[in-house]
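Undergrad: This one is start.cif, mmCIF, C-alpha atoms and all ligand atoms.
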data_entry
#
loop_
_atom_site.label_atom_id
_atom_site.label_comp_id
_atom_site.auth_asym_id
_atom_site.auth_seq_id
_atom_site.Cartn_x
_atom_site.Cartn_y
_atom_site.Cartn_z
CA MET Q 641 90.86 39.82 150.76
CA LYS Q 642 90.86 40.70 154.44
CA SER Q 643 87.67 40.85 156.48
CA ILE Q 644 88.71 42.11 159.90
CA LEU Q 645 86.63 41.82 163.05
CA ILE Q 646 87.54 44.71 165.36
CA THR Q 647 85.89 44.30 168.76
CA GLY Q 648 85.29 47.23 171.11
CA GLY Q 649 85.41 49.64 168.17
CA ALA Q 650 82.93 52.05 169.72
CA GLY Q 651 85.20 52.65 172.72
CA PHE Q 652 88.03 55.11 173.17
CA ILE Q 653 90.97 53.39 171.42
CA GLY Q 654 88.72 51.23 169.26
CA ASN Q 655 87.14 54.17 167.40
CA HIS Q 656 90.56 55.49 166.41
CA VAL Q 657 91.61 52.01 165.20
CA VAL Q 658 88.36 51.44 163.27
CA ARG Q 659 88.57 54.89 161.62
CA ARG Q 660 92.18 54.31 160.60
CA PHE Q 661 91.49 50.89 159.08
CA VAL Q 662 88.28 51.99 157.30
CA ASN Q 663 89.97 55.06 155.78
CA ASN Q 664 93.38 53.56 154.98
CA TYR Q 665 92.23 50.17 153.65
CA PRO Q 666 89.12 50.59 151.49
CA GLN Q 667 89.82 47.13 150.05
CA TYR Q 668 89.24 45.49 153.47
CA THR Q 669 85.90 44.73 155.10
CA ILE Q 670 85.93 46.20 158.60
CA VAL Q 671 83.37 44.79 161.04
CA ASN Q 672 83.06 46.65 164.32
CA LEU Q 673 81.52 44.40 166.97
CA ASP Q 674 80.64 46.23 170.17
CA ALA Q 675 78.20 45.55 172.99
CA LEU Q 676 77.75 49.32 173.54
CA THR Q 677 78.24 49.12 177.27
CA TYR Q 678 78.38 52.40 179.18
CA ALA Q 679 81.82 52.95 177.55
CA GLY Q 680 80.78 52.34 173.95
CA ASN Q 681 79.35 55.18 171.88
CA LEU Q 682 78.48 55.09 168.18
CA GLU Q 683 78.61 58.89 168.05
CA ASN Q 684 82.39 58.41 168.09
CA LEU Q 685 82.12 57.02 164.55
CA THR Q 686 79.55 59.20 162.78
CA ASP Q 687 82.20 60.38 160.28
CA ILE Q 688 82.72 56.89 158.85
CA GLN Q 689 79.40 55.16 159.41
CA GLN Q 690 78.43 55.50 155.72
CA ALA Q 691 81.72 54.06 154.41
CA LYS Q 692 81.18 51.13 152.03
CA ASN Q 693 83.72 48.91 153.76
CA TYR Q 694 82.36 49.53 157.31
CA PHE Q 695 79.83 47.36 159.15
CA PHE Q 696 78.59 47.58 162.73
CA GLU Q 697 77.25 44.70 164.81
CA LYS Q 698 75.86 45.30 168.29
CA ALA Q 699 76.82 42.11 170.14
CA THR Q 700 78.77 40.84 173.10
CA ILE Q 701 81.92 38.75 172.71
CA LEU Q 702 80.39 36.49 175.36
CA ASP Q 703 77.76 35.21 172.92
CA THR Q 704 79.22 32.31 170.92
CA LYS Q 705 76.15 31.90 168.75
CA ILE Q 706 76.28 35.50 167.53
CA LEU Q 707 80.06 35.33 167.11
CA GLU Q 708 79.64 32.30 164.88
CA GLN Q 709 76.95 34.06 162.83
CA ILE Q 710 79.25 37.06 162.36
CA PHE Q 711 82.27 34.93 161.38
CA GLU Q 712 80.03 33.16 158.85
CA LYS Q 713 78.30 36.28 157.52
CA TYR Q 714 81.47 38.32 156.90
CA ARG Q 715 83.93 35.42 156.36
CA ILE Q 716 86.18 36.92 159.03
CA THR Q 717 89.89 36.46 158.26
CA ASP Q 718 91.48 38.33 161.21
CA VAL Q 719 90.53 39.59 164.66
CA ILE Q 720 91.75 42.67 166.55
CA ASN Q 721 90.35 42.32 170.06
CA LEU Q 722 89.92 45.58 171.96
CA ALA Q 723 86.60 44.79 173.66
CA ALA Q 724 87.08 44.93 177.39
CA GLU Q 725 86.03 46.35 180.68
CA SER Q 726 88.88 48.83 180.97
CA HIS Q 727 88.61 50.88 184.16
CA VAL Q 728 90.69 49.81 187.17
CA ASP Q 729 88.40 51.49 189.73
CA ARG Q 730 85.35 49.66 188.40
CA SER Q 731 87.29 46.37 188.58
CA ILE Q 732 87.80 46.97 192.29
CA LEU Q 733 84.05 47.44 192.75
CA SER Q 734 83.05 44.50 190.55
CA PRO Q 735 85.84 42.03 189.67
CA LEU Q 736 83.56 39.41 188.10
CA ASP Q 737 82.41 41.73 185.29
CA PHE Q 738 86.06 41.85 184.26
CA VAL Q 739 86.42 38.06 184.36
CA TYR Q 740 83.37 37.66 182.13
CA THR Q 741 84.24 40.13 179.40
CA ASN Q 742 88.03 40.18 179.49
CA VAL Q 743 88.71 36.49 180.16
CA VAL Q 744 85.63 34.48 179.14
CA GLY Q 745 84.87 36.85 176.24
CA THR Q 746 88.40 36.54 174.88
CA VAL Q 747 88.25 32.73 175.12
CA GLN Q 748 84.88 32.72 173.32
CA LEU Q 749 86.47 34.74 170.51
CA LEU Q 750 89.51 32.43 170.42
CA ASN Q 751 87.27 29.36 170.24
CA THR Q 752 85.24 30.86 167.41
CA ALA Q 753 88.38 31.83 165.47
CA LYS Q 754 89.82 28.33 165.94
CA LYS Q 755 86.60 26.71 164.76
CA PHE Q 756 86.24 28.84 161.61
CA TRP Q 757 89.92 28.94 160.69
CA GLN Q 758 90.87 25.31 161.40
CA ASP Q 759 91.37 24.32 157.74
CA ASP Q 760 93.91 27.04 156.97
CA ILE Q 761 94.74 28.40 160.42
CA SER Q 762 98.21 29.70 159.48
CA LYS Q 763 96.66 32.25 157.08
CA HIS Q 764 94.82 34.07 159.86
CA LEU Q 765 95.69 36.35 162.77
CA PHE Q 766 94.30 36.94 166.26
CA TYR Q 767 95.66 40.25 167.55
CA GLN Q 768 95.07 40.88 171.26
CA ILE Q 769 95.27 44.48 172.49
CA SER Q 770 96.64 44.38 176.00
CA THR Q 771 98.09 46.65 178.64
CA ASP Q 772 101.36 47.34 180.45
CA GLU Q 773 99.44 46.83 183.72
CA VAL Q 774 99.92 43.05 183.38
CA TYR Q 775 103.54 43.59 184.50
CA GLY Q 776 102.52 45.04 187.86
CA THR Q 777 104.38 48.02 189.24
CA LEU Q 778 107.87 49.51 188.97
CA GLY Q 779 109.91 51.27 191.66
CA GLU Q 780 111.78 54.52 191.03
CA THR Q 781 113.85 53.02 188.20
CA GLY Q 782 113.60 50.41 185.45
CA LEU Q 783 111.33 49.81 182.47
CA PHE Q 784 108.90 47.04 181.48
CA THR Q 785 110.32 44.92 178.66
CA GLU Q 786 108.66 42.07 176.77
CA GLN Q 787 110.54 39.72 179.13
CA THR Q 788 109.23 41.24 182.37
CA PRO Q 789 107.22 38.57 184.25
CA TYR Q 790 103.48 39.15 184.58
CA GLN Q 791 102.54 40.29 188.10
CA PRO Q 792 99.13 41.98 187.88
CA ASN Q 793 97.87 43.82 190.97
CA SER Q 794 94.28 44.84 190.18
CA PRO Q 795 91.31 42.69 189.13
CA TYR Q 796 91.44 44.58 185.78
CA SER Q 797 95.10 43.77 185.14
CA ALA Q 798 94.65 40.19 186.39
CA SER Q 799 91.85 39.71 183.86
CA LYS Q 800 93.94 41.18 181.02
CA ALA Q 801 96.93 39.01 182.04
CA SER Q 802 94.70 35.95 182.05
CA ALA Q 803 93.38 36.79 178.58
CA ASP Q 804 96.95 37.19 177.29
CA HIS Q 805 97.84 33.75 178.68
CA PHE Q 806 94.86 32.20 176.88
CA VAL Q 807 95.84 33.85 173.61
CA ARG Q 808 99.37 32.52 173.92
CA ALA Q 809 98.06 29.08 174.93
CA PHE Q 810 95.86 28.91 171.80
CA GLY Q 811 99.00 29.67 169.80
CA GLU Q 812 100.98 26.88 171.46
CA THR Q 813 98.20 24.29 171.60
CA PHE Q 814 96.21 24.94 168.42
CA HIS Q 815 98.79 26.83 166.30
CA LEU Q 816 96.49 29.84 166.17
CA PRO Q 817 98.67 32.71 164.88
CA TYR Q 818 98.51 35.53 167.41
CA ILE Q 819 100.17 38.81 168.34
CA ILE Q 820 99.84 40.59 171.69
CA SER Q 821 100.77 44.22 172.25
CA ASN Q 822 100.99 45.72 175.73
CA CYS Q 823 100.55 49.48 175.71
CA SER Q 824 100.90 52.22 178.29
CA ASN Q 825 98.28 54.88 179.19
CA ASN Q 826 96.55 56.44 176.19
CA TYR Q 827 95.09 59.95 176.10
CA GLY Q 828 93.25 61.96 173.44
CA PRO Q 829 89.77 62.64 172.00
CA TYR Q 830 86.81 60.37 172.86
CA GLN Q 831 88.20 59.01 176.15
CA PHE Q 832 85.41 58.28 178.61
CA PRO Q 833 85.42 60.94 181.34
CA GLU Q 834 85.98 58.40 184.13
CA LYS Q 835 89.71 58.25 183.23
CA LEU Q 836 92.20 60.71 184.74
CA ILE Q 837 92.85 63.19 181.91
CA PRO Q 838 89.27 63.72 180.64
CA LEU Q 839 87.95 63.68 184.21
CA VAL Q 840 90.37 66.44 185.23
CA ILE Q 841 89.54 68.52 182.13
CA HIS Q 842 85.78 68.12 182.61
CA ASN Q 843 85.85 68.93 186.31
CA MET Q 844 88.14 71.94 185.88
CA VAL Q 845 86.08 73.36 183.03
CA ASN Q 846 82.96 73.00 185.21
CA GLN Q 847 84.79 74.23 188.34
CA LYS Q 848 84.15 71.01 190.24
CA PRO Q 849 86.60 69.41 192.73
CA VAL Q 850 89.39 67.41 191.06
CA PRO Q 851 90.20 64.18 192.96
CA VAL Q 852 93.86 63.10 193.05
CA TYR Q 853 94.49 59.71 194.64
CA GLY Q 854 97.00 59.34 197.49
CA ASP Q 855 100.02 61.64 197.31
CA GLY Q 856 99.63 62.26 193.57
CA LEU Q 857 103.12 60.91 192.88
CA ASN Q 858 102.09 57.77 190.98
CA THR Q 859 103.66 57.81 187.53
CA ARG Q 860 102.25 56.83 184.15
CA ASP Q 861 103.76 56.77 180.63
CA TRP Q 862 101.33 58.65 178.35
CA LEU Q 863 100.84 57.98 174.64
CA TYR Q 864 98.60 59.93 172.23
CA VAL Q 865 95.81 57.56 171.13
CA GLU Q 866 96.41 58.05 167.38
CA ASP Q 867 100.01 56.95 167.87
CA HIS Q 868 98.70 53.76 169.47
CA ALA Q 869 96.35 53.22 166.51
CA ALA Q 870 99.30 53.70 164.15
CA ALA Q 871 101.32 51.14 166.12
CA ILE Q 872 98.44 48.64 165.96
CA ASP Q 873 98.21 49.16 162.17
CA LEU Q 874 101.95 48.58 161.78
CA VAL Q 875 102.06 45.53 164.05
CA PHE Q 876 99.00 44.01 162.34
CA HIS Q 877 100.58 44.34 158.89
CA LYS Q 878 104.30 43.87 159.55
CA SER Q 879 104.81 41.68 162.61
CA LYS Q 880 105.49 37.99 162.41
CA PRO Q 881 102.95 35.88 164.36
CA TYR Q 882 103.57 34.53 167.87
CA LYS Q 883 105.15 37.85 168.95
CA THR Q 884 104.62 40.31 171.76
CA TYR Q 885 105.38 44.04 171.55
CA ASN Q 886 105.49 46.71 174.24
CA ILE Q 887 104.16 50.09 173.09
CA GLY Q 888 104.78 53.29 175.08
CA GLY Q 889 105.18 57.03 174.85
CA HIS Q 890 108.69 57.58 176.30
CA ASN Q 891 106.73 60.10 178.33
CA GLU Q 892 106.56 59.61 182.11
CA TRP Q 893 104.52 61.99 184.25
CA LYS Q 894 103.63 62.05 187.92
CA ASN Q 895 99.84 62.43 188.24
CA ILE Q 896 100.03 65.71 190.16
CA ASP Q 897 102.31 67.24 187.51
CA ILE Q 898 99.88 66.35 184.75
CA VAL Q 899 96.94 67.72 186.76
CA ASN Q 900 98.83 70.99 187.36
CA LEU Q 901 99.74 71.23 183.67
CA ILE Q 902 96.10 70.78 182.63
CA ALA Q 903 95.08 73.43 185.20
CA SER Q 904 97.47 76.01 183.76
CA ILE Q 905 96.43 75.30 180.14
CA ILE Q 906 92.74 75.61 181.05
CA ASP Q 907 93.31 78.88 182.95
CA GLN Q 908 95.19 80.27 179.97
CA THR Q 909 92.68 79.04 177.36
CA LEU Q 910 89.60 80.22 179.28
CA ASN Q 911 91.23 83.50 180.41
CA ARG Q 912 90.84 82.59 184.06
CA PRO Q 913 93.08 84.08 186.77
CA VAL Q 914 96.46 82.29 187.04
CA ASP Q 915 96.30 79.25 189.38
CA SER Q 916 92.52 79.36 189.78
CA SER Q 917 91.96 75.79 188.48
CA LYS Q 918 94.66 74.43 190.83
CA GLN Q 919 92.44 75.50 193.74
CA LEU Q 920 90.04 72.71 192.69
CA ILE Q 921 92.56 69.90 193.38
CA ARG Q 922 91.66 67.63 196.31
CA PHE Q 923 93.92 64.82 197.55
CA VAL Q 924 91.58 61.90 198.27
CA LYS Q 925 91.82 58.32 199.59
CA ASP Q 926 94.24 56.24 197.52
CA ARG Q 927 93.12 53.54 195.06
CA PRO Q 928 93.58 50.11 196.77
CA GLY Q 929 96.54 48.24 195.24
CA HIS Q 930 97.50 51.43 193.35
CA ASP Q 931 100.47 50.68 191.07
CA ARG Q 932 103.21 53.23 191.74
CA ARG Q 933 104.90 53.54 188.38
CA TYR Q 934 104.57 52.27 184.82
CA ALA Q 935 107.23 52.90 182.17
CA ILE Q 936 107.69 51.08 178.89
CA ASP Q 937 110.80 50.00 177.04
CA ALA Q 938 109.47 50.30 173.47
CA SER Q 939 112.82 49.66 171.80
CA CYS Q 940 111.75 46.29 170.34
CA ILE Q 941 108.91 47.72 168.21
CA GLN Q 942 111.19 50.60 167.22
CA LYS Q 943 114.05 48.31 166.13
CA GLU Q 944 111.98 45.59 164.48
CA LEU Q 945 109.15 47.63 162.90
CA GLY Q 946 110.44 51.22 162.94
CA TRP Q 947 107.64 52.58 165.16
CA LEU Q 948 108.09 55.70 167.26
CA PRO Q 949 105.40 57.97 168.75
CA GLN Q 950 104.83 61.00 166.51
CA THR Q 951 102.91 63.32 168.84
CA GLN Q 952 104.89 65.38 171.34
CA PHE Q 953 103.09 65.48 174.68
CA GLU Q 954 102.88 69.29 174.76
CA ILE Q 955 101.07 69.21 171.42
CA GLY Q 956 98.91 66.17 172.23
CA ILE Q 957 97.67 67.55 175.55
CA HIS Q 958 96.74 70.91 173.99
CA LYS Q 959 94.89 69.09 171.20
CA THR Q 960 93.10 66.94 173.76
CA ILE Q 961 92.05 69.84 175.99
CA ASN Q 962 90.80 71.81 172.98
CA TRP Q 963 88.87 68.77 171.77
CA TYR Q 964 87.10 68.43 175.13
CA LEU Q 965 86.41 72.18 175.28
CA ASN Q 966 84.80 71.94 171.84
CA HIS Q 967 82.86 68.74 172.68
CA GLU Q 968 81.36 69.53 176.06
CA ASP Q 969 77.99 68.35 174.65
CA TRP Q 970 79.58 64.93 173.89
CA VAL Q 971 80.75 64.67 177.49
CA GLN Q 972 77.42 65.82 178.90
CA LYS Q 973 75.49 63.25 176.84
CA ILE Q 974 77.76 60.49 178.04
CA VAL Q 975 77.57 61.62 181.59
CA ASN Q 976 73.76 61.63 181.31
CA GLY Q 977 73.69 58.31 179.49
CA SER Q 978 71.59 59.82 176.69
CA TYR Q 979 73.86 58.51 173.91
CA GLN Q 980 71.61 55.44 173.93
CA ASP Q 981 68.90 57.61 172.31
CA TYR Q 982 71.22 58.13 169.36
CA TYR Q 983 71.59 54.38 168.89
CA GLN Q 984 67.81 53.82 168.96
CA THR Q 985 67.26 56.55 166.36
CA GLN Q 986 70.06 55.41 164.09
CA TYR Q 987 69.74 51.63 164.12
CA LEU Q 988 66.40 50.47 165.49
P1 LIG Q 1001 86.91 51.55 176.57
O1 LIG Q 1001 86.36 51.15 177.89
O2 LIG Q 1001 86.87 52.98 176.18
O3 LIG Q 1001 86.18 50.74 175.40
C1 LIG Q 1001 85.86 49.37 175.51
C2 LIG Q 1001 84.84 49.04 174.44
O4 LIG Q 1001 84.55 47.63 174.54
C3 LIG Q 1001 83.51 49.78 174.58
O5 LIG Q 1001 83.09 50.28 173.32
C4 LIG Q 1001 82.53 48.73 175.09
O6 LIG Q 1001 81.21 48.94 174.68
C5 LIG Q 1001 83.12 47.47 174.47
N1 LIG Q 1001 82.78 46.26 175.22
C6 LIG Q 1001 82.84 46.06 176.56
N2 LIG Q 1001 82.43 44.82 176.87
C7 LIG Q 1001 82.11 44.21 175.70
C8 LIG Q 1001 81.64 42.93 175.36
N3 LIG Q 1001 81.37 42.00 176.30
N4 LIG Q 1001 81.46 42.62 174.05
C9 LIG Q 1001 81.69 43.55 173.09
N5 LIG Q 1001 82.12 44.80 173.37
C10 LIG Q 1001 82.34 45.12 174.65
O7 LIG Q 1001 88.39 50.97 176.54
P2 LIG Q 1001 89.71 51.53 175.83
O8 LIG Q 1001 90.39 52.45 176.76
O9 LIG Q 1001 89.37 51.97 174.48
O10 LIG Q 1001 90.58 50.19 175.76
C11 LIG Q 1001 90.46 49.32 174.65
C12 LIG Q 1001 91.39 48.13 174.85
O11 LIG Q 1001 92.73 48.60 174.96
C13 LIG Q 1001 91.10 47.34 176.12
O12 LIG Q 1001 91.30 45.98 175.83
C14 LIG Q 1001 92.14 47.84 177.11
O13 LIG Q 1001 92.45 46.84 178.04
C15 LIG Q 1001 93.30 48.13 176.19
N6 LIG Q 1001 94.22 49.19 176.63
C16 LIG Q 1001 93.75 50.42 177.02
C17 LIG Q 1001 94.66 51.42 177.37
C18 LIG Q 1001 94.21 52.81 177.77
O14 LIG Q 1001 95.03 53.61 178.21
N7 LIG Q 1001 92.93 53.15 177.62
C19 LIG Q 1001 96.04 51.15 177.35
C20 LIG Q 1001 96.48 49.87 176.97
C21 LIG Q 1001 95.55 48.91 176.60
O1 LIG Q 1002 98.50 51.55 181.58
C1 LIG Q 1002 97.46 51.24 180.71
C2 LIG Q 1002 96.13 51.38 181.43
O2 LIG Q 1002 95.91 52.76 181.63
C3 LIG Q 1002 94.97 50.76 180.67
O3 LIG Q 1002 95.18 49.38 180.56
C4 LIG Q 1002 93.64 51.03 181.39
O4 LIG Q 1002 92.57 50.53 180.61
C5 LIG Q 1002 93.50 52.52 181.55
O5 LIG Q 1002 92.31 52.81 182.27
C6 LIG Q 1002 94.70 53.11 182.28
O6 LIG Q 1002 94.74 52.67 183.66
P1 LIG Q 1002 95.12 53.68 184.85
O7 LIG Q 1002 94.56 53.16 186.11
O8 LIG Q 1002 96.56 54.01 184.81
O9 LIG Q 1002 94.32 55.00 184.34
P2 LIG Q 1002 93.38 56.05 185.11
O10 LIG Q 1002 93.09 57.14 184.12
O11 LIG Q 1002 92.24 55.41 185.80
O12 LIG Q 1002 94.37 56.64 186.22
C7 LIG Q 1002 95.60 57.21 185.88
C8 LIG Q 1002 96.30 57.60 187.18
O13 LIG Q 1002 95.57 58.66 187.81
C9 LIG Q 1002 96.35 56.47 188.20
O14 LIG Q 1002 97.57 56.57 188.91
C10 LIG Q 1002 95.18 56.76 189.14
C11 LIG Q 1002 95.11 58.27 189.12
N1 LIG Q 1002 93.77 58.85 189.30
C12 LIG Q 1002 92.75 58.40 188.51
C13 LIG Q 1002 91.48 58.90 188.64
C14 LIG Q 1002 90.34 58.37 187.77
C15 LIG Q 1002 93.54 59.87 190.22
O15 LIG Q 1002 94.48 60.30 190.90
N2 LIG Q 1002 92.30 60.37 190.34
C16 LIG Q 1002 91.23 59.92 189.60
O16 LIG Q 1002 90.10 60.43 189.80
#
Let me see the structure of the file written as structure tokens.
TA:
Amino acid sequence: MKSILITGGAGFIGNHVVRRFVNNYPQYTIVNLDALTYAGNLENLTDIQQAKNYFFEKATILDTKILEQIFEKYRITDVINLAAESHVDRSILSPLDFVYTNVVGTVQLLNTAKKFWQDDISKHLFYQISTDEVYGTLGETGLFTEQTPYQPNSPYSASKASADHFVRAFGETFHLPYIISNCSNNYGPYQFPEKLIPLVIHNMVNQKPVPVYGDGLNTRDWLYVEDHAAAIDLVFHKSKPYKTYNIGGHNEWKNIDIVNLIASIIDQTLNRPVDSSKQLIRFVKDRPGHDRRYAIDASCIQKELGWLPQTQFEIGIHKTINWYLNHEDWVQKIVNGSYQDYYQTQYL
């Protein structure tokens, strides 16, 4: 019987993964380990917190002692590691935080898994959730494949690349079965409002200036978060170990085009005069080391496992904007940091 440790489950992608596993696999034990940093929020999971197969542990992946207690307590059979510092701009301000959590934390988890699984290591799985940013940047053409060499450009992507190398090295050296998937930009409900899409929605709704870095022509490949969670589910259950998969949305957008699209949907939805939200756009100083273009070749996961994104962007972005319009209180609480009060009331 599987007892799966999902780390970072109170974050943006993590809550969708935890919810999916808790609801779809009642026979599994799902342990959500999260340090509840500024990006983690248990309010994201209120709908499943009473489920019989769901357990929450507030802990950091940097703490070996607690990791060992949790592996022992729940007899952990598999790990899906999403815990990370995830924002590129913060990594530019404070690179070491990213080394600690993303690199050292991942190695602490790997060490713990190796220690507890050593007698029957081939029966277990360490699944590392990684990013397309490890590949660096593309020019006008081309796609990242699983064979593209790693060439990270930001402290965030360097830390994720390093973690991936450690995961692979534990596979080679200690025969720890692993899978790594490298995904493109996710969007959807519960994304922390420091990231482009929720930041633009929040600022436009509140008629605040909308910052667009550089010339606004940087390109990202956007995937609806529930499609990523579905891919993780499929990879976890169907992939052979020692494999890497790229996951993407077949959905490239220049930043300025996405910002303009959000502006027109918000004007329409809130009955504002045409083009009024566009007036809020401000071109600001570029992000240092700003990758120009990401685009994923996701043909391998399609061919081998039959995965394709299910959510058309036009539908996903409307759903996302409506979700944020209906959850302005969620955003406000996060922005104010008052979600910590919820945790105190609920668990302490
Ligand atoms: P997020 O910042 O929303 O969530 C990260 C979660 O990890 C938070 O709940 C936080 O509390 C927790 N956490 C941070 N440090 C921790 C620690 N030391 N110990 C335990 N928990 C800790 O991030 P996200 O956008 O949901 O990304 C999740 C994972 O997916 C990350 O590994 C990220 O690199 C990867 N990823 C993200 C995207 C994207 O577009 N957001 C795309 C590809 C890959
Ligand atoms: O590609 C996957 C990655 O996508 C994940 O690994 C990261 O965890 C995730 O944060 C995301 O990284 P990006 O840097 O691409 O996402 P972000 O939302 O920060 O920015 C998207 C684009 O928008 C990028 O080109 C920078 C730009 N941008 C961002 C912000 C926050 C702006 O122009 N203005 C802004 O205020």
Undergrad: Show me which residues line ligand LIG 1002 (chain Q), defined as having an atom within 7 Å of a ligand atom where all atoms listed in the file count, and present them as a ChimeraX atom specification.
TA: /Q:726-729,770-773,823-826,834-837,839,851-853,856,858-860,895,930-931,934
Undergrad: Near Pro789 of chain Q, within 10 Å and counting all atoms listed in the file, which residues show up once chain neighbours fewer than 6 positions away are dropped, as a VMD selection string?
TA: chain Q and resid 774 to 776
Undergrad: Would you mind listing, for every residue of chain Q within 8 Å of ligand LIG 1001 (chain Q), the two atoms forming the shortest contact and the distance between them in Å to one decimal, using only C-alpha atoms and all ligand atoms, sorted by chain and ascending residue number, as CSV?
TA:
residue,atom,partner,partner_atom,distance
Q:Thr647,CA,Q:LIG1001,N5,6.0
Q:Gly648,CA,Q:LIG1001,O4,3.5
Q:Gly649,CA,Q:LIG1001,O5,5.7
Q:Ala650,CA,Q:LIG1001,O5,4.0
Q:Gly651,CA,Q:LIG1001,O5,3.2
Q:Phe652,CA,Q:LIG1001,O9,3.7
Q:Ile653,CA,Q:LIG1001,O9,3.7
Q:Gly654,CA,Q:LIG1001,O9,5.3
Q:Asn655,CA,Q:LIG1001,O9,7.7
Q:Leu673,CA,Q:LIG1001,C9,6.2
Q:Asp674,CA,Q:LIG1001,N5,3.8
Q:Ala675,CA,Q:LIG1001,N5,4.0
Q:Leu676,CA,Q:LIG1001,O6,3.7
Q:Thr677,CA,Q:LIG1001,O6,3.9
Q:Tyr678,CA,Q:LIG1001,O6,6.3
Q:Ala679,CA,Q:LIG1001,C3,4.7
Q:Gly680,CA,Q:LIG1001,O5,3.2
Q:Asn681,CA,Q:LIG1001,O5,6.3
Q:Lys698,CA,Q:LIG1001,C9,7.8
Q:Ala699,CA,Q:LIG1001,C9,5.9
Q:Thr700,CA,Q:LIG1001,N4,3.4
Q:Ile701,CA,Q:LIG1001,N4,4.1
Q:Leu702,CA,Q:LIG1001,N3,5.7
Q:Asn721,CA,Q:LIG1001,O12,6.9
Q:Leu722,CA,Q:LIG1001,C12,4.1
Q:Ala723,CA,Q:LIG1001,O4,3.6
Q:Ala724,CA,Q:LIG1001,C6,4.5
Q:Glu725,CA,Q:LIG1001,C6,5.2
Q:Ser726,CA,Q:LIG1001,O1,4.6
Q:His727,CA,Q:LIG1001,O1,6.7
Q:Tyr740,CA,Q:LIG1001,N3,7.5
Q:Thr741,CA,Q:LIG1001,N3,4.6
Q:Asn742,CA,Q:LIG1001,O12,7.6
Q:Gly745,CA,Q:LIG1001,N3,6.2
Q:Gln768,CA,Q:LIG1001,O12,7.8
Q:Ile769,CA,Q:LIG1001,O12,5.4
Q:Ser770,CA,Q:LIG1001,C21,4.7
Q:Thr771,CA,Q:LIG1001,C21,4.0
Q:Asp772,CA,Q:LIG1001,C20,6.5
Q:Glu773,CA,Q:LIG1001,C20,8.0
Q:Lys800,CA,Q:LIG1001,O13,6.6
Q:Asn822,CA,Q:LIG1001,C20,6.3
Q:Cys823,CA,Q:LIG1001,C20,4.3
Q:Ser824,CA,Q:LIG1001,C19,5.1
Q:Asn825,CA,Q:LIG1001,O14,3.6
Q:Asn826,CA,Q:LIG1001,O14,3.8
Q:Tyr827,CA,Q:LIG1001,O14,6.7
Q:Gln831,CA,Q:LIG1001,O2,6.2
Q:Phe832,CA,Q:LIG1001,O2,6.0
Undergrad: Write the residues of the selection above to a file with C-alpha atoms, as an mmCIF file, in the frame of the given file.
TA:
data_model
loop_
_atom_site.group_PDB
_atom_site.id
_atom_site.type_symbol
_atom_site.label_atom_id
_atom_site.label_comp_id
_atom_site.auth_asym_id
_atom_site.auth_seq_id
_atom_site.Cartn_x
_atom_site.Cartn_y
_atom_site.Cartn_z
ATOM 1 C CA THR Q 647 85.890 44.300 168.760
ATOM 2 C CA GLY Q 648 85.290 47.230 171.110
ATOM 3 C CA GLY Q 649 85.410 49.640 168.170
ATOM 4 C CA ALA Q 650 82.930 52.050 169.720
ATOM 5 C CA GLY Q 651 85.200 52.650 172.720
ATOM 6 C CA PHE Q 652 88.030 55.110 173.170
ATOM 7 C CA ILE Q 653 90.970 53.390 171.420
ATOM 8 C CA GLY Q 654 88.720 51.230 169.260
ATOM 9 C CA ASN Q 655 87.140 54.170 167.400
ATOM 10 C CA LEU Q 673 81.520 44.400 166.970
ATOM 11 C CA ASP Q 674 80.640 46.230 170.170
ATOM 12 C CA ALA Q 675 78.200 45.550 172.990
ATOM 13 C CA LEU Q 676 77.750 49.320 173.540
ATOM 14 C CA THR Q 677 78.240 49.120 177.270
ATOM 15 C CA TYR Q 678 78.380 52.400 179.180
ATOM 16 C CA ALA Q 679 81.820 52.950 177.550
ATOM 17 C CA GLY Q 680 80.780 52.340 173.950
ATOM 18 C CA ASN Q 681 79.350 55.180 171.880
ATOM 19 C CA LYS Q 698 75.860 45.300 168.290
ATOM 20 C CA ALA Q 699 76.820 42.110 170.140
ATOM 21 C CA THR Q 700 78.770 40.840 173.100
ATOM 22 C CA ILE Q 701 81.920 38.750 172.710
ATOM 23 C CA LEU Q 702 80.390 36.490 175.360
ATOM 24 C CA ASN Q 721 90.350 42.320 170.060
ATOM 25 C CA LEU Q 722 89.920 45.580 171.960
ATOM 26 C CA ALA Q 723 86.600 44.790 173.660
ATOM 27 C CA ALA Q 724 87.080 44.930 177.390
ATOM 28 C CA GLU Q 725 86.030 46.350 180.680
ATOM 29 C CA SER Q 726 88.880 48.830 180.970
ATOM 30 C CA HIS Q 727 88.610 50.880 184.160
ATOM 31 C CA TYR Q 740 83.370 37.660 182.130
ATOM 32 C CA THR Q 741 84.240 40.130 179.400
ATOM 33 C CA ASN Q 742 88.030 40.180 179.490
ATOM 34 C CA GLY Q 745 84.870 36.850 176.240
ATOM 35 C CA GLN Q 768 95.070 40.880 171.260
ATOM 36 C CA ILE Q 769 95.270 44.480 172.490
ATOM 37 C CA SER Q 770 96.640 44.380 176.000
ATOM 38 C CA THR Q 771 98.090 46.650 178.640
ATOM 39 C CA ASP Q 772 101.360 47.340 180.450
ATOM 40 C CA GLU Q 773 99.440 46.830 183.720
ATOM 41 C CA LYS Q 800 93.940 41.180 181.020
ATOM 42 C CA ASN Q 822 100.990 45.720 175.730
ATOM 43 C CA CYS Q 823 100.550 49.480 175.710
ATOM 44 C CA SER Q 824 100.900 52.220 178.290
ATOM 45 C CA ASN Q 825 98.280 54.880 179.190
ATOM 46 C CA ASN Q 826 96.550 56.440 176.190
ATOM 47 C CA TYR Q 827 95.090 59.950 176.100
ATOM 48 C CA GLN Q 831 88.200 59.010 176.150
ATOM 49 C CA PHE Q 832 85.410 58.280 178.610
#
